[in-house]
Structure formats: structure tokens, C-alpha cells
Amino acid sequence: MSDTLAVQLEKYAEIIVKIGVNVQQGQAVFVTGAIEAAPLVRLVAEKAYSAGASNVHIDWTDDQLSRLKYEKAGAEIFEHFPQWETAKRQEFVDKGAAFISIVSSSPDLLKGVDTQRISNYQKAAGAGLKEFRRAIQADKVSWTVVAAAAKDWAKKVFPEAEGEQAVALLWEAIFKAVRLHAEDPVAAWQEHNRALGSKGEALNSYHFKKLHYTAPGTDLTIELHDKHLWVAAGSENEQNIPFMANMPTEEVFTVPLKTGVNGYVSSTKPLSYGGNIIDRFKLTFENGRIVKAEAEEGEAILQKLIDTDEGARYLGEVALVPHHSPISESNILFYNTLFDENASNHLAIGSGYAFNIEGGKKMSPEELEANGVNASLTHNDFMIGSADMDIDGIQADGTVVPVFRKGNWAF
């Protein structure tokens with residue numbers, strides 16, 4: 001590792017701990033990361049302990065072993081999620097731990113693997129982690145998703161580069177996306193959070209009843225709940241401790257009314273799902289439900305995704321990201337939702353966030369469902385924005401307010 005990379009990784013670990021999850025004195029920390037990302041994982045652990053963490057638990061993953069398991073393990077293995085895995089996470093939730101997920105897997109990790117195995121595991125994991133994800137989506141605990149460069153992922157993003165050169169390029173792209181080159185990255189993130197929050201406040205002041213999206217391949221109307229809330233990635237946990245759920249982030253988002261989506265929408269970037277790529281796809285909605293799904297690449301895995309459960313045929317998130325945003329203007333296709341969703345307006349198939357509706361954090365699952373917030377074992381963002389997209393906000397009295405014009409904010 002070069003001295004420059006070592007310095008950058010230390011700065012990165014610091015903002016993950018201080019801004020991402022904002023570790024508190026005596027707090028436990030749960031980190032998920034790949035063996036290939038060990039240098040960053042170790043630095044995150046060090047920074048977390050320095051911030052006062054009582055314990056830092058590392059949940060290691062390995063892409064090669066994951067691929068081997070999908071190829072060689074008995075089929076029944078993918079139909080059950082271990083109870084001890086469920087209990088482990090729940091114990092940390094009960095302790096009020098902070099959760100850090102460091103993603104780095106290749107978008108093509110499971111290419112060619114039996115899609116039924118992937119689908120079975122996604123369903124089993126969704127059921128096994130249902131309560132854990134519910135805690136995350138209600139901001140009961142602090143959590144953040146960040147990324148680490150890895151060889152296979154880097155080669156996908158920078159196919160013209162070789163080996164370590166591709167990895168170095170990906171690290172540099174990650175560092176730029178997370179504002180690491182700012183004179184004071186922590187202060188830069190605090191200011192960025194305020195700027196996104198101001199956009200959310202402006203959108204909330206309009207109290208839109210519907211949003212109407214138009215673009216090539218898209219004509220979609222999304223109804224919003226009367227008490228919907230636009231928020232940015234900056235949030236607060238149950239103890240009112242601020243944290244940043246995604247790093248990078250450029251979005252302001254809310255929850256759609258489950259049964260209020262009609263029309264059709266086309267993707268504008270590939271979706272990496274289950275170790276496969278889904279690309280150039282179109283979804284058609286009637287009364288909220290996906291009634292038709294087509295894809296030029298990965299249609300079989302797309303069908304498995306929307307068949308996860310009934311909730312996977314509805315939307316759980318509506319997010320606005322201007323085309324003139326740092327990640328979009330980098331002209332880098334990351335093949336990773338954490339980055340690509342922050343370069344484009346996007347929607348999410350599956351469950352909605354409780355905090356996107358007034359009083360939602362304190363609502364039961366049944367109350368959220370009654371208020372039109374979709375419930376599902378899955379939540380997967382897909383990108384729909386472009387420089388050709390217009391979005392109109394429609395108020396209850398029929399007043400039309402331009403929200404986006406040619407892919408960017410209209411106010």
C-alpha cells in the first residue's frame with residue numbers, strides 16, 4: 001500500500017466513524033466487510049475504538065467463498081437463513097449498536113449461477129433479517145453504507161486499466177465521491193448535509209399530492225401520502241444521535257403511496273442485483289403494482305426480484321438527484337447502487353422507510369401498511385434519471401409546480 005493511499009484510507013475511516021455512524025462513548029459497533037477490504041476495516045475499527053466504542057465486531061465476507069458456495073453447496077442451504085445470524089444482529093440492535101456496511105463485491109460475482117439459488121437465498125435472508133431491516137428502516141439504530149475498492153469491481157468500472165491501476169482509479173473515484181479531498185472532510189459533510197436538508201424542506205413546503213415524470217421511455221405518475229416527508233441521508237437514531245446513512249449521498253427522498261403509482265418507467269443505468277447485472281429494463285404499473293417487467297439483459301433475475309414477495313411488486317422509495325451532481329458529472333458508471341443511485345433520479349422496489357411519513361418511526365408495521373407504506377422482504381433502488389427528464393409536482397388543488405427540468409432542479 002502506498003503512503004498516499006494509507007493517509008487517504010485513514011481520513012476515510014475517520015469520516016465513516018464520525019459522520020457515517022457518529023460513534024458514541026460506550027457504544028458497540030457492527031462492521032460488515034470483505035477480506036479484501038481488510039486495511040480499511042482495521043482502520044475503521046481503530047477509529048471507532050478511539051471514538052469510545054466498547055466493542056467492534058467484524059463480520060467478514062469473501063467473494064470467492066461466496067461464489068464457491070453458490071456453485072457447490074446443497075440446494076437446501078439457500079432456502080434457510082441461520083437463526084444464529086438473525087440472533088447475532090438482533091443482539092447488537094438491542095444494545096443500540098452502530099452498523100457499518102462496507103461494500104466491494106463484483107457486480108458480476110454470481111453471473112452464470114442458477115438464478116433459483118439466488119432467489120431462494122434472497123427470500124430466506126429477507127425473512128431472517130426482517131426485524132433487523134425494520135430497525136434500520138425506522139432509524140432505531142445508527143447505520144451507514146460505504147464502499148471499498150476491490151480488484152474485480154475495479155476491473156468492471158475501469159476495463160481499460162490493469163490490475164492495481166484499476167484499483168487505484170476506483171479508490172480515487174470513491175474518495176472524490178465522499179468529499180475526502182476537501183480541506184476539512186468532516187466540515188464538508190456537515191455543510192453538504194445542510195444543503196440537502198434545505199432541498200427537503202422546500203419540497204415539504206409544497207405538500208405535493210403527486211409527481212409526474214416524463215422522459216424517453218417514461219411516463220409515470222406517483223401519488224404521495226398526505227403526511228409524506230422528504231428527507232436526506234442525514235438522520236437521527238432513537239437516541240437523537242445524528243448519522244449519515246449513505247456515503248456518498250446526493251439524494252432527497254420520500255415514500256410513495258403504495259397503490260398510487262401508474263404508468264411506465266425505463267431504467268437509465270444498470271442495476272447490480274444478486275451478483276448479476278439487470279440492464280435496459282422497463283416497468284409498467286397499475287394502481288401501484290408492477291404488472292409488466294421487461295429487460296434486455298438480466299430479465300430472468302429481474303423477474304425473480306419482483307417475485308420475492310407481493311411487496312416486491314410495489315415501490316417503497318422516490319428519490320430526486322440532479323443530473324448536474326458530482327457523481328453524474330464524473331461520467332463513471334460504478335455498477336454499484338450506492339454510487340449510481342447518487343448520479344440519477346431513482347425509485348426503489350420493495351419496502352418503504354418509516355421515517356418518510358409523519359410519526360412513522362413510532363408506528364407498528366400494521367399502522368405503516370394502513371398508511372400506504374409498502375412492506376417487503378426486499379428494497380432495491382434502480383436508476384431512472386437523465387438529462388431529458390422533467391418532473392412536475394401536482395398539489396391537492398391541481399396546481400402544477402416544475403420540480404425538475406432537463407434533469408435538474410427547477411427551483
# chains A, B, ... in the order shown; residues from 1 in each chain; ligands from 1

call {"tool": "closest_atom_pairs", "arguments": {"of": "stretch 64-98 of chain A", "to": "stretch 230-248 of chain A", "cutoff": "12 Å", "atoms": "only C-alpha atoms", "output": "JSON lines"}}
result
{"residue": "A:Val93", "atom": "CA", "partner": "A:Glu238", "partner_atom": "CA", "distance": 11.2}
{"residue": "A:Asp94", "atom": "CA", "partner": "A:Glu238", "partner_atom": "CA", "distance": 11.6}
{"residue": "A:Lys95", "atom": "CA", "partner": "A:Glu238", "partner_atom": "CA", "distance": 11.9}
{"residue": "A:Gly96", "atom": "CA", "partner": "A:Glu238", "partner_atom": "CA", "distance": 8.6}
{"residue": "A:Ala97", "atom": "CA", "partner": "A:Asn237", "partner_atom": "CA", "distance": 10.5}
{"residue": "A:Ala98", "atom": "CA", "partner": "A:Phe243", "partner_atom": "CA", "distance": 9.5}

call {"tool": "residues_around", "arguments": {"residues": "A:Glu341", "least_positions_apart": "3", "cutoff": "8 Å", "atoms": "only C-alpha atoms", "output": "mmCIF file with N, CA, C and O atoms, in the first residue's frame"}}
result
data_model
loop_
_atom_site.group_PDB
_atom_site.id
_atom_site.type_symbol
_atom_site.label_atom_id
_atom_site.label_comp_id
_atom_site.auth_asym_id
_atom_site.auth_seq_id
_atom_site.Cartn_x
_atom_site.Cartn_y
_atom_site.Cartn_z
ATOM 1 N N THR A 337 -25.055 0.308 -6.746
ATOM 2 C CA THR A 337 -26.190 1.178 -6.455
ATOM 3 C C THR A 337 -25.821 2.325 -5.526
ATOM 4 O O THR A 337 -26.326 3.440 -5.682
ATOM 5 N N LEU A 338 -24.928 2.092 -4.572
ATOM 6 C CA LEU A 338 -24.537 3.150 -3.642
ATOM 7 C C LEU A 338 -24.075 4.397 -4.386
ATOM 8 O O LEU A 338 -24.381 5.524 -3.982
ATOM 9 N N SER A 344 -28.366 9.873 -10.231
ATOM 10 C CA SER A 344 -29.587 9.774 -11.030
ATOM 11 C C SER A 344 -30.826 9.743 -10.146
ATOM 12 O O SER A 344 -30.813 9.157 -9.054
ATOM 13 N N ASN A 345 -31.911 10.382 -10.636
ATOM 14 C CA ASN A 345 -33.204 10.134 -10.005
ATOM 15 C C ASN A 345 -33.424 8.631 -9.951
ATOM 16 O O ASN A 345 -33.068 7.906 -10.884
ATOM 17 N N HIS A 346 -33.995 8.151 -8.863
ATOM 18 C CA HIS A 346 -34.223 6.713 -8.766
ATOM 19 C C HIS A 346 -35.460 6.391 -7.949
ATOM 20 O O HIS A 346 -36.008 7.241 -7.240
ATOM 21 N N ASP A 381 -32.944 -0.161 -5.092
ATOM 22 C CA ASP A 381 -33.020 1.061 -5.866
ATOM 23 C C ASP A 381 -32.650 0.804 -7.322
ATOM 24 O O ASP A 381 -31.741 0.012 -7.610
ATOM 25 N N PHE A 382 -33.336 1.491 -8.242
ATOM 26 C CA PHE A 382 -32.955 1.431 -9.646
ATOM 27 C C PHE A 382 -33.040 2.833 -10.244
ATOM 28 O O PHE A 382 -33.867 3.655 -9.842
ATOM 29 N N MET A 383 -32.156 3.093 -11.194
ATOM 30 C CA MET A 383 -31.934 4.438 -11.682
ATOM 31 C C MET A 383 -32.776 4.756 -12.921
ATOM 32 O O MET A 383 -32.824 3.973 -13.866
#

call {"tool": "closest_residue", "arguments": {"among": "A:Leu347, A:Val252, A:Ala295, A:Ala387", "to": "A:Gly316", "atoms": "only C-alpha atoms"}}
result
A:Leu347

call {"tool": "atom_distance", "arguments": {"atom1": "atom CA of A:Gln137", "atom2": "atom CA of A:Leu170"}}
result
29.1 Å

call {"tool": "residues_around", "arguments": {"residues": "A:Arg280", "least_positions_apart": "3", "cutoff": "8 Å", "atoms": "only C-alpha atoms", "output": "CSV table (one decimal) with N, CA, C and O atoms, in the first residue's frame"}}
result
chain,number,residue,atom,x,y,z
A,266,SER,N,-38.6,3.6,-17.5
A,266,SER,CA,-37.4,2.9,-18.1
A,266,SER,C,-36.2,3.2,-17.3
A,266,SER,O,-35.9,4.4,-16.9
A,267,SER,N,-35.3,2.2,-17.1
A,267,SER,CA,-34.1,2.4,-16.4
A,267,SER,C,-33.1,3.2,-17.3
A,267,SER,O,-33.2,3.1,-18.5
A,268,THR,N,-32.2,3.9,-16.6
A,268,THR,CA,-31.2,4.6,-17.4
A,268,THR,C,-29.7,4.2,-17.0
A,268,THR,O,-28.8,4.7,-17.6
A,269,LYS,N,-29.6,3.3,-16.0
A,269,LYS,CA,-28.3,2.8,-15.7
A,269,LYS,C,-28.5,1.3,-15.3
A,269,LYS,O,-29.6,0.9,-14.9
A,270,PRO,N,-27.5,0.5,-15.4
A,270,PRO,CA,-27.6,-0.9,-15.0
A,270,PRO,C,-27.9,-1.1,-13.5
A,270,PRO,O,-27.4,-0.2,-12.7
A,295,ALA,N,-36.7,-6.6,-19.7
A,295,ALA,CA,-35.3,-6.2,-19.6
A,295,ALA,C,-34.5,-6.8,-20.8
A,295,ALA,O,-34.7,-8.0,-21.2
A,296,GLU,N,-33.6,-6.0,-21.4
A,296,GLU,CA,-32.8,-6.5,-22.5
A,296,GLU,C,-31.7,-7.4,-21.9
A,296,GLU,O,-31.2,-8.3,-22.6
A,297,GLU,N,-31.3,-7.2,-20.7
A,297,GLU,CA,-30.3,-8.0,-20.0
A,297,GLU,C,-30.7,-8.3,-18.6
A,297,GLU,O,-31.1,-7.4,-17.9

call {"tool": "atom_distance", "arguments": {"atom1": "atom CA of A:Leu315", "atom2": "atom CA of A:Ile384"}}
result
13.4 Å
